[in-house]
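> Pasting in a structure now, in structure tokens, and then I'll have a few things to ask.
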Amino acid sequence: MPFAIALLVVGIELSPAHTVYTGPLLVATPALAAVTAGPKGTLAASGLAFAVSATTATYNQAWGSQQVYTNLFALLLVSVAGVTASRAMRTRSESELNQIRRIAAAAQDVLLRPVPAWLGPVRAASMYLAAETGAQIGGDLYEAVQTRYGVRMIVGDVRGKGLPAVRAAAAVLGAFREAVHYEDDLVEVMNHCAAALRRDSAVPGALDQDALLEGFVTAVVAQVPDDRPVVELVNRGHPPPLVLRRGKAEALMPASSMPPLGLEDLMIGPPEKSESCPFAPGDRLLLYTDGVIEARDRDNDFFALPEAMEAAPAGTPQEFLEELHEGLLRHTEYCLADDVAMVLVDRLDDEAGARAAGASSG
């Protein structure tokens, strides 16, 4: 708008309508720029306004008139005030943004804390990437906990964005962290998460009307027992985990399709049961959200996660996740459209698992 006004003034002054007094329009140019363009933009708008004033005064042979000098003096005052105000607004905005980021970081430490590097018979790592600029938490969730039943993990994705999604994620995570230590049946752990989501959705004002009608959470819960080379899974509408075994990635597809949390009314058939899949020492298990596999490049092609896992160099779980992270960002040209959460675990042999357990307990 400020630069459009300057061009308008040039058009008026160089036309037969140059008798119209355009000084107030030019004086308003740096003031408008201060609102939206920042300090550098305000300086540029002020410089343009002075250049237009000098050019039109020369073209119309108006130098020496009181009107020209009054206009230039007013333009100088507004320019100084505009640059000062714009700098103050920029400083205040940066301070508020930094405060929001600190609050988000503190909330992330509570809601999405990094998983321990050693958990019983597995090595583990986690990663969370928020798609929203400046944000650190969103609607994706994850957790990994060592229990008397083995290592139990959850990865989920809340429908929607913003604070309602964060609140739903907190409800599901809170129920999971409590139930994993007391429920021996993995299905009951998932049922506790579903019940917590229903209770949270019933709170007046917790969700908007659309979320109340269509809100749900996709989730997968996994368990790695200490004494058996398997992984047990309960999948509620979530992308299937991937197992990397001898350099080949395999999707652990559920035998039956179950609706996400919050959509229990759509269940058909007998109650769900946990499913067991081989997970031997040396295997690598990845739980992830759909923000990974639905990430697109400029040609609208999806990110090939299995191929990326097979191509990634061997390393620690954290190094492996960082390699997947870099590949994902390169694929999307560093522009994620959705939040991303990943949990990776390596199955250790009995001897390595015993050493890890002794180290973690010490």
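Simple scheme: letters A, B, ... for chains in structure tokens order, numbers from 1 for residues in each chain, numbers from 1 for ligands in the order shown.
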Among range 132-189 of chain A, which ones does DSSP place in strand (DSSP E), written as number ranges by chain?
A: 140-147, 150-158
> Using N, CA, C and O atoms, can you write the selected residues to a file as a compact mmCIF listing (two decimals), in the first residue's frame?

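Saved file part37.txt follows:
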# COMPACT_ATOMS: atom_id res chain seq x y z
N ASP A 140 0.34 -34.42 17.39
CA ASP A 140 0.94 -35.75 17.42
C ASP A 140 1.42 -36.07 18.82
O ASP A 140 1.77 -35.16 19.60
N LEU A 141 1.49 -37.35 19.15
CA LEU A 141 1.90 -37.76 20.50
C LEU A 141 2.72 -39.03 20.43
O LEU A 141 2.61 -39.82 19.48
N TYR A 142 3.57 -39.22 21.43
CA TYR A 142 4.36 -40.45 21.54
C TYR A 142 4.80 -40.64 22.99
O TYR A 142 4.84 -39.69 23.78
N GLU A 143 5.14 -41.87 23.33
CA GLU A 143 5.69 -42.19 24.64
C GLU A 143 6.24 -43.61 24.59
O GLU A 143 5.77 -44.45 23.82
N ALA A 144 7.26 -43.88 25.39
CA ALA A 144 7.82 -45.22 25.57
C ALA A 144 8.17 -45.37 27.03
O ALA A 144 8.88 -44.53 27.60
N VAL A 145 7.69 -46.47 27.65
CA VAL A 145 7.83 -46.66 29.09
C VAL A 145 8.24 -48.11 29.35
O VAL A 145 7.73 -49.04 28.71
N GLN A 146 9.17 -48.29 30.26
CA GLN A 146 9.53 -49.64 30.70
C GLN A 146 8.64 -50.05 31.86
O GLN A 146 8.52 -49.33 32.85
N THR A 147 7.99 -51.19 31.75
CA THR A 147 7.05 -51.69 32.76
C THR A 147 7.40 -53.13 33.11
O THR A 147 8.29 -53.74 32.51
N GLY A 150 7.13 -55.39 30.10
CA GLY A 150 8.03 -55.12 29.00
C GLY A 150 8.02 -53.65 28.65
O GLY A 150 7.48 -52.81 29.40
N VAL A 151 8.61 -53.31 27.52
CA VAL A 151 8.62 -51.92 27.06
C VAL A 151 7.34 -51.67 26.28
O VAL A 151 7.02 -52.39 25.34
N ARG A 152 6.62 -50.63 26.69
CA ARG A 152 5.36 -50.30 26.03
C ARG A 152 5.46 -48.91 25.41
O ARG A 152 5.97 -47.98 26.04
N MET A 153 4.94 -48.79 24.20
CA MET A 153 5.05 -47.55 23.44
C MET A 153 3.71 -47.18 22.84
O MET A 153 2.87 -48.04 22.59
N ILE A 154 3.54 -45.90 22.59
CA ILE A 154 2.37 -45.40 21.87
C ILE A 154 2.81 -44.28 20.95
O ILE A 154 3.68 -43.47 21.28
N VAL A 155 2.23 -44.25 19.76
CA VAL A 155 2.36 -43.12 18.83
C VAL A 155 0.95 -42.84 18.30
O VAL A 155 0.23 -43.78 17.92
N GLY A 156 0.56 -41.59 18.31
CA GLY A 156 -0.79 -41.24 17.88
C GLY A 156 -0.83 -39.91 17.17
O GLY A 156 0.12 -39.13 17.19
N ASP A 157 -1.98 -39.65 16.56
CA ASP A 157 -2.18 -38.43 15.78
C ASP A 157 -3.60 -37.94 16.03
O ASP A 157 -4.57 -38.64 15.73
N VAL A 158 -3.72 -36.75 16.60
CA VAL A 158 -5.03 -36.16 16.88
C VAL A 158 -5.53 -35.43 15.64
O VAL A 158 -4.79 -34.67 15.01
> Write out as a PyMOL selection string all residues of range 106-327 of chain A that backbone DSSP assigns to helix (DSSP H, G or I).
chain A and resi 106-111+162-179+186-202+209-214+264-266+290-293+305-311+317-327
> Would you mind telling me which residue in A:Gln223, A:Thr36, A:Thr332, A:Ser256 lies nearest to Leu119 in chain A when using only C-alpha atoms?
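Answer, going by the shortest atom-to-atom distance: A:Gln223.
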> Check the smallest atom-to-atom distance from each of A:Thr218, A:Val80, A:Tyr149, A:Arg177 to Leu112 in chain A using only C-alpha atoms, then report the winner.
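Among the listed residues, A:Arg177 lies closest to Leu112 in chain A.
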> In terms of the shortest atom-to-atom distance over only C-alpha atoms, which of A:Ala81, A:Leu287, A:Leu321, A:Ala194 is closest to Pro259 in chain A?
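Once distances to Pro259 in chain A are computed over only C-alpha atoms, the minimum belongs to A:Ala194.
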> Point out the residue among A:Cys277, A:Ala171, A:Ala311, A:Ala124 with the least atom-to-atom distance to Arg347 in chain A, counting only C-alpha atoms.
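Counting only C-alpha atoms, the residue closest to Arg347 in chain A is A:Ala124.
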> To one decimal place, how far is CA of Asn235 in chain A from CA of Pro254 in chain A in Å?
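Computing it gives 6.7 Å between the two atoms.
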